[in-house]
$ cat model32.csv   # CSV, N, CA, C and O atoms
chain,number,residue,atom,x,y,z
A,1,MET,N,-28.6,190.1,148.4
A,1,MET,CA,-28.5,189.1,149.4
A,1,MET,C,-28.4,189.6,150.8
A,1,MET,O,-28.9,189.0,151.7
A,2,LEU,N,-27.6,190.7,150.9
A,2,LEU,CA,-27.5,191.3,152.3
A,2,LEU,C,-28.8,191.9,152.7
A,2,LEU,O,-29.1,191.8,153.9
A,3,GLU,N,-29.6,192.4,151.8
A,3,GLU,CA,-30.9,193.0,152.2
A,3,GLU,C,-31.8,191.9,152.7
A,3,GLU,O,-32.5,192.1,153.7
A,4,GLU,N,-31.7,190.7,152.1
A,4,GLU,CA,-32.5,189.6,152.5
A,4,GLU,C,-32.2,189.2,153.9
A,4,GLU,O,-33.0,188.9,154.8
A,5,GLY,N,-30.9,189.1,154.2
A,5,GLY,CA,-30.4,188.8,155.6
A,5,GLY,C,-30.9,189.9,156.6
A,5,GLY,O,-31.3,189.5,157.7
A,6,SER,N,-30.8,191.1,156.2
A,6,SER,CA,-31.3,192.2,157.1
A,6,SER,C,-32.8,192.0,157.3
A,6,SER,O,-33.3,192.2,158.5
A,7,GLU,N,-33.6,191.7,156.3
A,7,GLU,CA,-35.0,191.5,156.4
A,7,GLU,C,-35.3,190.4,157.4
A,7,GLU,O,-36.2,190.5,158.2
A,8,VAL,N,-34.6,189.3,157.3
A,8,VAL,CA,-34.8,188.1,158.2
A,8,VAL,C,-34.6,188.6,159.6
A,8,VAL,O,-35.4,188.2,160.5
A,9,VAL,N,-33.5,189.3,159.9
A,9,VAL,CA,-33.3,189.8,161.3
A,9,VAL,C,-34.4,190.7,161.8
A,9,VAL,O,-34.8,190.6,162.9
A,10,GLU,N,-34.9,191.6,160.9
A,10,GLU,CA,-35.9,192.5,161.3
A,10,GLU,C,-37.3,191.9,161.4
A,10,GLU,O,-38.1,192.3,162.3
A,11,GLU,N,-37.6,190.8,160.6
A,11,GLU,CA,-38.9,190.3,160.6
A,11,GLU,C,-39.1,189.0,161.3
A,11,GLU,O,-40.2,188.4,161.3
A,12,THR,N,-38.0,188.4,161.8
A,12,THR,CA,-38.1,187.1,162.5
A,12,THR,C,-37.6,187.2,163.9
A,12,THR,O,-36.6,187.8,164.2
A,13,GLU,N,-38.4,186.5,164.8
A,13,GLU,CA,-38.0,186.5,166.2
A,13,GLU,C,-36.7,185.8,166.4
A,13,GLU,O,-36.4,184.8,165.6
A,14,LYS,N,-35.9,186.2,167.4
A,14,LYS,CA,-34.7,185.4,167.7
A,14,LYS,C,-35.0,184.0,168.0
A,14,LYS,O,-36.1,183.7,168.5
A,15,GLY,N,-34.1,183.1,167.5
A,15,GLY,CA,-34.3,181.7,167.8
A,15,GLY,C,-33.9,180.9,166.6
A,15,GLY,O,-33.3,181.4,165.6
A,16,GLY,N,-34.3,179.6,166.6
A,16,GLY,CA,-33.9,178.7,165.6
A,16,GLY,C,-34.4,179.0,164.2
A,16,GLY,O,-33.6,178.8,163.3
A,17,VAL,N,-35.6,179.5,164.1
A,17,VAL,CA,-36.1,179.8,162.7
A,17,VAL,C,-35.3,180.9,162.1
A,17,VAL,O,-34.9,180.8,160.9
A,18,ARG,N,-35.0,181.9,162.9
A,18,ARG,CA,-34.1,183.0,162.4
A,18,ARG,C,-32.7,182.5,162.0
A,18,ARG,O,-32.2,182.9,161.0
A,19,ASP,N,-32.2,181.7,162.9
A,19,ASP,CA,-30.9,181.2,162.7
A,19,ASP,C,-30.8,180.4,161.4
A,19,ASP,O,-29.9,180.5,160.6
A,20,ALA,N,-31.8,179.5,161.2
A,20,ALA,CA,-31.9,178.7,159.9
A,20,ALA,C,-32.0,179.6,158.7
A,20,ALA,O,-31.3,179.4,157.7
A,21,ALA,N,-32.8,180.7,158.8
A,21,ALA,CA,-32.9,181.6,157.7
A,21,ALA,C,-31.6,182.3,157.4
A,21,ALA,O,-31.2,182.5,156.2
A,22,LEU,N,-30.9,182.7,158.4
A,22,LEU,CA,-29.6,183.4,158.3
A,22,LEU,C,-28.5,182.5,157.7
A,22,LEU,O,-27.7,182.9,156.8
A,23,ILE,N,-28.5,181.2,158.1
A,23,ILE,CA,-27.6,180.3,157.5
A,23,ILE,C,-27.9,180.1,156.0
A,23,ILE,O,-27.0,180.0,155.2
A,24,SER,N,-29.2,180.0,155.7
A,24,SER,CA,-29.6,179.9,154.3
A,24,SER,C,-29.1,181.1,153.5
A,24,SER,O,-28.6,180.9,152.4
A,25,ALA,N,-29.2,182.2,154.1
A,25,ALA,CA,-28.7,183.4,153.4
A,25,ALA,C,-27.2,183.4,153.2
A,25,ALA,O,-26.7,183.8,152.1
A,26,ALA,N,-26.5,182.9,154.2
A,26,ALA,CA,-25.0,182.8,154.1
A,26,ALA,C,-24.6,181.8,153.1
A,26,ALA,O,-23.7,182.1,152.3
A,27,GLN,N,-25.4,180.7,153.0
A,27,GLN,CA,-25.1,179.7,151.9
A,27,GLN,C,-25.3,180.3,150.5
A,27,GLN,O,-24.5,180.0,149.6
A,28,ARG,N,-26.3,181.1,150.4
A,28,ARG,CA,-26.6,181.7,149.1
A,28,ARG,C,-25.4,182.6,148.7
A,28,ARG,O,-25.0,182.6,147.5
A,29,VAL,N,-24.9,183.3,149.6
A,29,VAL,CA,-23.7,184.2,149.4
A,29,VAL,C,-22.5,183.3,149.0
A,29,VAL,O,-21.8,183.6,148.0
A,30,GLU,N,-22.3,182.2,149.7
A,30,GLU,CA,-21.2,181.3,149.3
A,30,GLU,C,-21.4,180.7,147.9
A,30,GLU,O,-20.4,180.7,147.1
A,31,HIS,N,-22.6,180.4,147.5
A,31,HIS,CA,-22.8,179.8,146.2
A,31,HIS,C,-22.5,180.9,145.1
A,31,HIS,O,-22.0,180.6,144.1
A,32,TYR,N,-22.9,182.1,145.4
A,32,TYR,CA,-22.7,183.2,144.5
A,32,TYR,C,-21.2,183.4,144.3
A,32,TYR,O,-20.7,183.5,143.2
A,33,GLU,N,-20.4,183.4,145.4
A,33,GLU,CA,-19.0,183.5,145.4
A,33,GLU,C,-18.3,182.3,144.6
A,33,GLU,O,-17.4,182.6,143.8
A,34,MET,N,-18.8,181.1,144.9
A,34,MET,CA,-18.3,180.0,144.2
A,34,MET,C,-18.5,180.1,142.7
A,34,MET,O,-17.6,179.8,141.9
A,35,ALA,N,-19.6,180.5,142.3
A,35,ALA,CA,-19.9,180.7,140.8
A,35,ALA,C,-19.0,181.8,140.2
A,35,ALA,O,-18.4,181.6,139.2
A,36,ALA,N,-18.8,182.9,141.0
A,36,ALA,CA,-17.9,183.9,140.5
A,36,ALA,C,-16.5,183.5,140.3
A,36,ALA,O,-15.8,183.7,139.3
A,37,TYR,N,-16.0,182.8,141.4
A,37,TYR,CA,-14.6,182.4,141.4
A,37,TYR,C,-14.4,181.3,140.3
A,37,TYR,O,-13.3,181.3,139.6
A,38,GLY,N,-15.4,180.4,140.1
A,38,GLY,CA,-15.3,179.4,139.1
A,38,GLY,C,-15.2,180.0,137.7
A,38,GLY,O,-14.4,179.5,136.9
A,39,CYS,N,-16.0,181.0,137.4
A,39,CYS,CA,-16.0,181.6,136.1
A,39,CYS,C,-14.7,182.3,135.9
A,39,CYS,O,-14.1,182.2,134.8
A,40,VAL,N,-14.2,183.1,136.8
A,40,VAL,CA,-13.0,183.8,136.7
A,40,VAL,C,-11.8,182.9,136.5
A,40,VAL,O,-10.9,183.1,135.7
A,41,ARG,N,-11.8,181.8,137.3
A,41,ARG,CA,-10.8,180.8,137.1
A,41,ARG,C,-10.7,180.2,135.7
A,41,ARG,O,-9.7,180.1,135.1
A,42,GLU,N,-11.9,180.0,135.1
A,42,GLU,CA,-11.9,179.5,133.8
A,42,GLU,C,-11.4,180.5,132.8
A,42,GLU,O,-10.7,180.1,131.8
A,43,TYR,N,-11.7,181.8,133.0
A,43,TYR,CA,-11.2,182.8,132.1
A,43,TYR,C,-9.7,182.8,132.2
A,43,TYR,O,-9.0,182.9,131.2
A,44,ALA,N,-9.2,182.8,133.4
A,44,ALA,CA,-7.7,182.8,133.6
A,44,ALA,C,-7.1,181.5,132.9
A,44,ALA,O,-6.0,181.6,132.3
A,45,ASN,N,-7.7,180.4,133.0
A,45,ASN,CA,-7.3,179.2,132.4
A,45,ASN,C,-7.2,179.4,130.9
A,45,ASN,O,-6.2,179.0,130.2
A,46,LEU,N,-8.2,180.0,130.3
A,46,LEU,CA,-8.3,180.2,128.8
A,46,LEU,C,-7.1,181.2,128.4
A,46,LEU,O,-6.6,181.1,127.3
A,47,LEU,N,-6.8,182.1,129.3
A,47,LEU,CA,-5.7,183.1,129.0
A,47,LEU,C,-4.3,182.5,129.3
A,47,LEU,O,-3.3,183.2,129.2
A,48,GLY,N,-4.3,181.3,129.8
A,48,GLY,CA,-3.0,180.7,130.1
A,48,GLY,C,-2.3,181.2,131.4
A,48,GLY,O,-1.1,181.1,131.5
A,49,GLN,N,-3.1,181.8,132.3
A,49,GLN,CA,-2.6,182.4,133.5
A,49,GLN,C,-2.5,181.3,134.7
A,49,GLN,O,-3.3,181.4,135.6
A,50,LYS,N,-1.6,180.4,134.6
A,50,LYS,CA,-1.5,179.3,135.5
A,50,LYS,C,-1.5,179.7,137.0
A,50,LYS,O,-2.2,179.1,137.8
A,51,GLU,N,-0.7,180.7,137.3
A,51,GLU,CA,-0.5,181.2,138.7
A,51,GLU,C,-1.9,181.7,139.2
A,51,GLU,O,-2.3,181.4,140.3
A,52,VAL,N,-2.5,182.5,138.3
A,52,VAL,CA,-3.9,183.0,138.7
A,52,VAL,C,-4.9,181.9,138.9
A,52,VAL,O,-5.7,181.9,139.8
A,53,VAL,N,-4.8,180.9,138.0
A,53,VAL,CA,-5.7,179.8,138.1
A,53,VAL,C,-5.5,179.1,139.4
A,53,VAL,O,-6.5,178.7,140.1
A,54,ASP,N,-4.3,178.8,139.8
A,54,ASP,CA,-4.0,178.2,141.0
A,54,ASP,C,-4.5,178.9,142.2
A,54,ASP,O,-5.1,178.3,143.2
A,55,LEU,N,-4.3,180.2,142.2
A,55,LEU,CA,-4.8,181.1,143.3
A,55,LEU,C,-6.4,181.0,143.4
A,55,LEU,O,-7.0,180.9,144.5
A,56,LEU,N,-7.0,181.1,142.3
A,56,LEU,CA,-8.5,181.1,142.2
A,56,LEU,C,-9.0,179.8,142.6
A,56,LEU,O,-10.0,179.7,143.3
A,57,GLU,N,-8.3,178.7,142.2
A,57,GLU,CA,-8.7,177.4,142.6
A,57,GLU,C,-8.7,177.2,144.2
A,57,GLU,O,-9.6,176.6,144.8
A,58,LYS,N,-7.6,177.7,144.7
A,58,LYS,CA,-7.5,177.7,146.2
A,58,LYS,C,-8.6,178.4,146.9
A,58,LYS,O,-9.2,178.0,147.8
A,59,THR,N,-8.9,179.6,146.4
A,59,THR,CA,-10.0,180.4,146.9
A,59,THR,C,-11.3,179.7,146.7
A,59,THR,O,-12.2,179.7,147.7
A,60,LEU,N,-11.5,179.1,145.6
A,60,LEU,CA,-12.8,178.4,145.3
A,60,LEU,C,-12.9,177.2,146.3
A,60,LEU,O,-14.0,177.0,146.9
A,61,GLU,N,-11.8,176.5,146.6
A,61,GLU,CA,-11.9,175.4,147.6
A,61,GLU,C,-12.2,175.9,149.0
A,61,GLU,O,-12.9,175.2,149.7
A,62,GLU,N,-11.7,177.1,149.3
A,62,GLU,CA,-12.0,177.7,150.6
A,62,GLU,C,-13.5,178.0,150.7
A,62,GLU,O,-14.1,177.8,151.8
A,63,GLU,N,-14.0,178.5,149.6
A,63,GLU,CA,-15.5,178.8,149.6
A,63,GLU,C,-16.3,177.6,149.7
A,63,GLU,O,-17.3,177.5,150.4
A,64,LYS,N,-15.9,176.5,149.1
A,64,LYS,CA,-16.6,175.2,149.2
A,64,LYS,C,-16.5,174.7,150.6
A,64,LYS,O,-17.5,174.1,151.1
A,65,ALA,N,-15.4,174.8,151.2
A,65,ALA,CA,-15.3,174.4,152.6
A,65,ALA,C,-16.2,175.2,153.5
A,65,ALA,O,-16.8,174.6,154.4
A,66,ALA,N,-16.3,176.5,153.3
A,66,ALA,CA,-17.1,177.3,154.1
A,66,ALA,C,-18.6,176.9,153.9
A,66,ALA,O,-19.4,176.8,154.9
A,67,ASP,N,-19.0,176.6,152.7
A,67,ASP,CA,-20.3,176.2,152.4
A,67,ASP,C,-20.6,174.8,153.1
A,67,ASP,O,-21.7,174.6,153.6
A,68,LYS,N,-19.6,173.9,153.1
A,68,LYS,CA,-19.8,172.6,153.7
A,68,LYS,C,-20.0,172.8,155.2
A,68,LYS,O,-20.9,172.1,155.8
A,69,LYS,N,-19.2,173.7,155.8
A,69,LYS,CA,-19.4,173.9,157.3
A,69,LYS,C,-20.8,174.5,157.5
A,69,LYS,O,-21.5,174.1,158.5
A,70,LEU,N,-21.2,175.4,156.7
A,70,LEU,CA,-22.6,176.0,156.9
A,70,LEU,C,-23.6,174.9,156.7
A,70,LEU,O,-24.6,174.9,157.5
A,71,GLY,N,-23.4,174.0,155.8
A,71,GLY,CA,-24.4,172.9,155.6
A,71,GLY,C,-24.4,172.0,156.8
A,71,GLY,O,-25.6,171.6,157.2
A,72,SER,N,-23.3,171.8,157.5
A,72,SER,CA,-23.3,170.9,158.7
A,72,SER,C,-24.0,171.7,159.8
A,72,SER,O,-24.8,171.0,160.5
A,73,ILE,N,-23.8,172.9,159.9
A,73,ILE,CA,-24.5,173.7,161.0
A,73,ILE,C,-26.0,173.8,160.7
A,73,ILE,O,-26.8,173.6,161.6
A,74,ALA,N,-26.3,173.9,159.4
A,74,ALA,CA,-27.7,174.0,159.0
A,74,ALA,C,-28.5,172.7,159.4
A,74,ALA,O,-29.6,172.8,159.8
A,75,GLU,N,-27.8,171.6,159.3
A,75,GLU,CA,-28.5,170.3,159.6
A,75,GLU,C,-28.9,170.4,161.1
A,75,GLU,O,-30.1,170.0,161.4
A,76,GLN,N,-28.1,170.9,162.0
A,76,GLN,CA,-28.4,170.9,163.4
A,76,GLN,C,-29.4,172.0,163.7
A,76,GLN,O,-30.4,171.8,164.4
A,77,VAL,N,-29.2,173.2,163.1
A,77,VAL,CA,-30.1,174.3,163.4
A,77,VAL,C,-31.5,174.1,162.8
A,77,VAL,O,-32.5,174.4,163.4
A,78,ASN,N,-31.6,173.5,161.6
A,78,ASN,CA,-32.8,173.3,160.9
A,78,ASN,C,-33.7,172.3,161.7
A,78,ASN,O,-34.9,172.5,161.8
A,79,SER,N,-33.1,171.3,162.3
A,79,SER,CA,-33.8,170.4,163.2
A,79,SER,C,-34.4,171.1,164.3
A,79,SER,O,-35.6,170.9,164.7
A,80,GLY,N,-33.6,172.0,165.0
A,80,GLY,CA,-34.2,172.7,166.1
A,80,GLY,C,-35.2,173.7,165.7
A,80,GLY,O,-36.2,174.0,166.4
A,81,ALA,N,-35.1,174.3,164.5
A,81,ALA,CA,-36.0,175.3,164.0
A,81,ALA,C,-37.4,174.6,163.7
A,81,ALA,O,-38.4,175.2,164.0
A,82,MET,N,-37.3,173.4,163.2
A,82,MET,CA,-38.6,172.6,162.9
A,82,MET,C,-39.3,172.4,164.2
A,82,MET,O,-40.5,172.5,164.3
A,83,LYS,N,-38.6,172.0,165.3
A,83,LYS,CA,-39.2,171.8,166.6
A,83,LYS,C,-39.8,173.1,167.1
A,83,LYS,O,-40.9,173.1,167.7
A,84,ALA,N,-39.1,174.2,166.9
A,84,ALA,CA,-39.6,175.5,167.4
A,84,ALA,C,-40.8,176.0,166.7
A,84,ALA,O,-41.7,176.6,167.2
A,85,ALA,N,-40.9,175.7,165.4
A,85,ALA,CA,-42.0,176.2,164.5
A,85,ALA,C,-43.2,175.3,164.7
A,85,ALA,O,-44.3,175.8,164.4
A,86,ALA,N,-43.0,174.1,165.3
A,86,ALA,CA,-44.2,173.2,165.4
A,86,ALA,C,-45.1,173.6,166.6
A,86,ALA,O,-44.9,174.3,167.4
$ encode --input "model32.csv" --output "structure tokens"
Amino acid sequence: MLEEGSEVVEETEKGGVRDAALISAAQRVEHYEMAAYGCVREYANLLGQKEVVDLLEKTLEEEKAADKKLGSIAEQVNSGAMKAAA
């Protein structure tokens, strides 16, 4: 995922299109992290590790909030990118 982000920077001109691609790459990272934390939280739950479950749930909620923020930014940036690409 980091390589993809680097490729976007190297192969895309500065501006809205690059910004939109970078936000998309960042959201993919967030989704990967959410999946990982969700799985580990479930393992901890199966093992009866309530304190660990609570910590992982908090972290998962933070990742979801970051993804939501990126989504809001993407709405604005993608609109500008569409105009720039046209």
$ residues_around --input "model32.csv" --residues "A:Gly15" --least-positions-apart "6" --cutoff "12 Å" --atoms "only C-alpha atoms" --output "PyMOL selection string"
chain A and resi 8-9+21-22+77-78+80-85
$ atom_distance --input "model32.csv" --atom1 "atom CA of A:Glu33" --atom2 "atom N of A:Thr59"
10.9 Å
$ closest_residue --input "model32.csv" --among "A:Glu57, A:Glu51, A:Asp67, A:Glu62" --to "A:Cys39" --atoms "only C-alpha atoms"
A:Glu57
$ atom_distance --input "model32.csv" --atom1 "atom CA of A:Ala36" --atom2 "atom CA of A:Lys58"
13.4 Å
$ atom_distance --input "model32.csv" --atom1 "atom CA of A:Val52" --atom2 "atom C of A:Tyr37"
10.8 Å
$ closest_residue --input "model32.csv" --among "A:Glu42, A:Asp54, A:Glu4, A:Glu30" --to "A:Lys68" --atoms "only C-alpha atoms"
A:Glu30
$ closest_residue --input "model32.csv" --among "A:Glu7, A:Ala35, A:Thr12, A:Ala26" --to "A:Leu60" --atoms "all atoms listed in the file"
A:Ala35
$ closest_residue --input "model32.csv" --among "A:Met34, A:Arg28, A:Ala20, A:Ser79" --to "A:Lys64" --atoms "only N, CA, C and O atoms"
A:Met34
$ decode --input "model32.csv" --residues "stretch 24-35 of chain A" --atoms "all heavy atoms" --output "PDB file, in the first residue's frame"
ATOM      1  N   SER A  24      -7.369   8.166  -1.292  1.00  0.00           N
ATOM      2  CA  SER A  24      -7.831   6.799  -1.527  1.00  0.00           C
ATOM      3  C   SER A  24      -6.837   5.785  -0.961  1.00  0.00           C
ATOM      4  O   SER A  24      -7.234   4.798  -0.322  1.00  0.00           O
ATOM      5  CB  SER A  24      -8.014   6.571  -3.035  1.00  0.00           C
ATOM      6  OG  SER A  24      -8.343   5.239  -3.301  1.00  0.00           O
ATOM      7  N   ALA A  25      -5.563   6.028  -1.155  1.00  0.00           N
ATOM      8  CA  ALA A  25      -4.533   5.134  -0.614  1.00  0.00           C
ATOM      9  C   ALA A  25      -4.577   5.131   0.913  1.00  0.00           C
ATOM     10  O   ALA A  25      -4.468   4.071   1.546  1.00  0.00           O
ATOM     11  CB  ALA A  25      -3.149   5.558  -1.114  1.00  0.00           C
ATOM     12  N   ALA A  26      -4.769   6.298   1.511  1.00  0.00           N
ATOM     13  CA  ALA A  26      -4.842   6.389   2.971  1.00  0.00           C
ATOM     14  C   ALA A  26      -6.065   5.650   3.497  1.00  0.00           C
ATOM     15  O   ALA A  26      -5.993   4.966   4.529  1.00  0.00           O
ATOM     16  CB  ALA A  26      -4.878   7.854   3.405  1.00  0.00           C
ATOM     17  N   GLN A  27      -7.175   5.727   2.774  1.00  0.00           N
ATOM     18  CA  GLN A  27      -8.369   5.008   3.207  1.00  0.00           C
ATOM     19  C   GLN A  27      -8.174   3.493   3.107  1.00  0.00           C
ATOM     20  O   GLN A  27      -8.659   2.756   3.962  1.00  0.00           O
ATOM     21  CB  GLN A  27      -9.596   5.441   2.404  1.00  0.00           C
ATOM     22  CG  GLN A  27     -10.132   6.777   2.872  1.00  0.00           C
ATOM     23  CD  GLN A  27     -11.463   7.106   2.259  1.00  0.00           C
ATOM     24  OE1 GLN A  27     -11.531   7.438   1.085  1.00  0.00           O
ATOM     25  NE2 GLN A  27     -12.504   7.017   3.062  1.00  0.00           N
ATOM     26  N   ARG A  28      -7.453   3.037   2.100  1.00  0.00           N
ATOM     27  CA  ARG A  28      -7.162   1.601   2.006  1.00  0.00           C
ATOM     28  C   ARG A  28      -6.358   1.145   3.213  1.00  0.00           C
ATOM     29  O   ARG A  28      -6.586   0.069   3.766  1.00  0.00           O
ATOM     30  CB  ARG A  28      -6.442   1.283   0.697  1.00  0.00           C
ATOM     31  CG  ARG A  28      -7.374   1.294  -0.493  1.00  0.00           C
ATOM     32  CD  ARG A  28      -6.757   0.681  -1.739  1.00  0.00           C
ATOM     33  NE  ARG A  28      -5.528   1.309  -2.170  1.00  0.00           N
ATOM     34  CZ  ARG A  28      -5.464   2.398  -2.941  1.00  0.00           C
ATOM     35  NH1 ARG A  28      -6.568   2.998  -3.338  1.00  0.00           N
ATOM     36  NH2 ARG A  28      -4.302   2.890  -3.312  1.00  0.00           N
ATOM     37  N   VAL A  29      -5.410   1.962   3.650  1.00  0.00           N
ATOM     38  CA  VAL A  29      -4.633   1.638   4.845  1.00  0.00           C
ATOM     39  C   VAL A  29      -5.554   1.567   6.060  1.00  0.00           C
ATOM     40  O   VAL A  29      -5.469   0.628   6.864  1.00  0.00           O
ATOM     41  CB  VAL A  29      -3.494   2.668   5.073  1.00  0.00           C
ATOM     42  CG1 VAL A  29      -2.856   2.478   6.432  1.00  0.00           C
ATOM     43  CG2 VAL A  29      -2.454   2.560   3.968  1.00  0.00           C
ATOM     44  N   GLU A  30      -6.442   2.534   6.206  1.00  0.00           N
ATOM     45  CA  GLU A  30      -7.380   2.529   7.334  1.00  0.00           C
ATOM     46  C   GLU A  30      -8.243   1.268   7.318  1.00  0.00           C
ATOM     47  O   GLU A  30      -8.467   0.646   8.358  1.00  0.00           O
ATOM     48  CB  GLU A  30      -8.272   3.775   7.327  1.00  0.00           C
ATOM     49  CG  GLU A  30      -7.551   5.062   7.629  1.00  0.00           C
ATOM     50  CD  GLU A  30      -6.868   5.084   8.987  1.00  0.00           C
ATOM     51  OE1 GLU A  30      -7.344   4.445   9.935  1.00  0.00           O
ATOM     52  OE2 GLU A  30      -5.828   5.758   9.100  1.00  0.00           O
ATOM     53  N   HIS A  31      -8.718   0.872   6.157  1.00  0.00           N
ATOM     54  CA  HIS A  31      -9.571  -0.322   6.064  1.00  0.00           C
ATOM     55  C   HIS A  31      -8.782  -1.572   6.432  1.00  0.00           C
ATOM     56  O   HIS A  31      -9.311  -2.468   7.113  1.00  0.00           O
ATOM     57  CB  HIS A  31     -10.162  -0.436   4.665  1.00  0.00           C
ATOM     58  CG  HIS A  31     -11.176   0.618   4.370  1.00  0.00           C
ATOM     59  ND1 HIS A  31     -12.033   0.547   3.305  1.00  0.00           N
ATOM     60  CD2 HIS A  31     -11.472   1.793   5.007  1.00  0.00           C
ATOM     61  CE1 HIS A  31     -12.819   1.617   3.291  1.00  0.00           C
ATOM     62  NE2 HIS A  31     -12.478   2.381   4.317  1.00  0.00           N
ATOM     63  N   TYR A  32      -7.541  -1.628   6.001  1.00  0.00           N
ATOM     64  CA  TYR A  32      -6.671  -2.755   6.360  1.00  0.00           C
ATOM     65  C   TYR A  32      -6.498  -2.809   7.876  1.00  0.00           C
ATOM     66  O   TYR A  32      -6.609  -3.872   8.494  1.00  0.00           O
ATOM     67  CB  TYR A  32      -5.324  -2.581   5.666  1.00  0.00           C
ATOM     68  CG  TYR A  32      -4.311  -3.637   6.001  1.00  0.00           C
ATOM     69  CD1 TYR A  32      -4.293  -4.846   5.301  1.00  0.00           C
ATOM     70  CD2 TYR A  32      -3.368  -3.442   7.004  1.00  0.00           C
ATOM     71  CE1 TYR A  32      -3.366  -5.827   5.599  1.00  0.00           C
ATOM     72  CE2 TYR A  32      -2.439  -4.416   7.312  1.00  0.00           C
ATOM     73  CZ  TYR A  32      -2.437  -5.598   6.603  1.00  0.00           C
ATOM     74  OH  TYR A  32      -1.520  -6.570   6.916  1.00  0.00           O
ATOM     75  N   GLU A  33      -6.244  -1.662   8.482  1.00  0.00           N
ATOM     76  CA  GLU A  33      -6.067  -1.598   9.932  1.00  0.00           C
ATOM     77  C   GLU A  33      -7.349  -1.975  10.661  1.00  0.00           C
ATOM     78  O   GLU A  33      -7.310  -2.699  11.664  1.00  0.00           O
ATOM     79  CB  GLU A  33      -5.606  -0.197  10.349  1.00  0.00           C
ATOM     80  CG  GLU A  33      -4.195   0.114   9.916  1.00  0.00           C
ATOM     81  CD  GLU A  33      -3.776   1.537  10.237  1.00  0.00           C
ATOM     82  OE1 GLU A  33      -4.660   2.420  10.391  1.00  0.00           O
ATOM     83  OE2 GLU A  33      -2.563   1.782  10.327  1.00  0.00           O
ATOM     84  N   MET A  34      -8.493  -1.502  10.164  1.00  0.00           N
ATOM     85  CA  MET A  34      -9.767  -1.845  10.808  1.00  0.00           C
ATOM     86  C   MET A  34     -10.002  -3.354  10.762  1.00  0.00           C
ATOM     87  O   MET A  34     -10.441  -3.947  11.754  1.00  0.00           O
ATOM     88  CB  MET A  34     -10.934  -1.102  10.150  1.00  0.00           C
ATOM     89  CG  MET A  34     -10.965   0.373  10.483  1.00  0.00           C
ATOM     90  SD  MET A  34     -12.424   1.254   9.868  1.00  0.00           S
ATOM     91  CE  MET A  34     -12.216   1.159   8.104  1.00  0.00           C
ATOM     92  N   ALA A  35      -9.700  -3.974   9.633  1.00  0.00           N
ATOM     93  CA  ALA A  35      -9.869  -5.418   9.527  1.00  0.00           C
ATOM     94  C   ALA A  35      -8.950  -6.141  10.511  1.00  0.00           C
ATOM     95  O   ALA A  35      -9.371  -7.090  11.189  1.00  0.00           O
ATOM     96  CB  ALA A  35      -9.577  -5.879   8.094  1.00  0.00           C
TER      97      ALA A  35
END
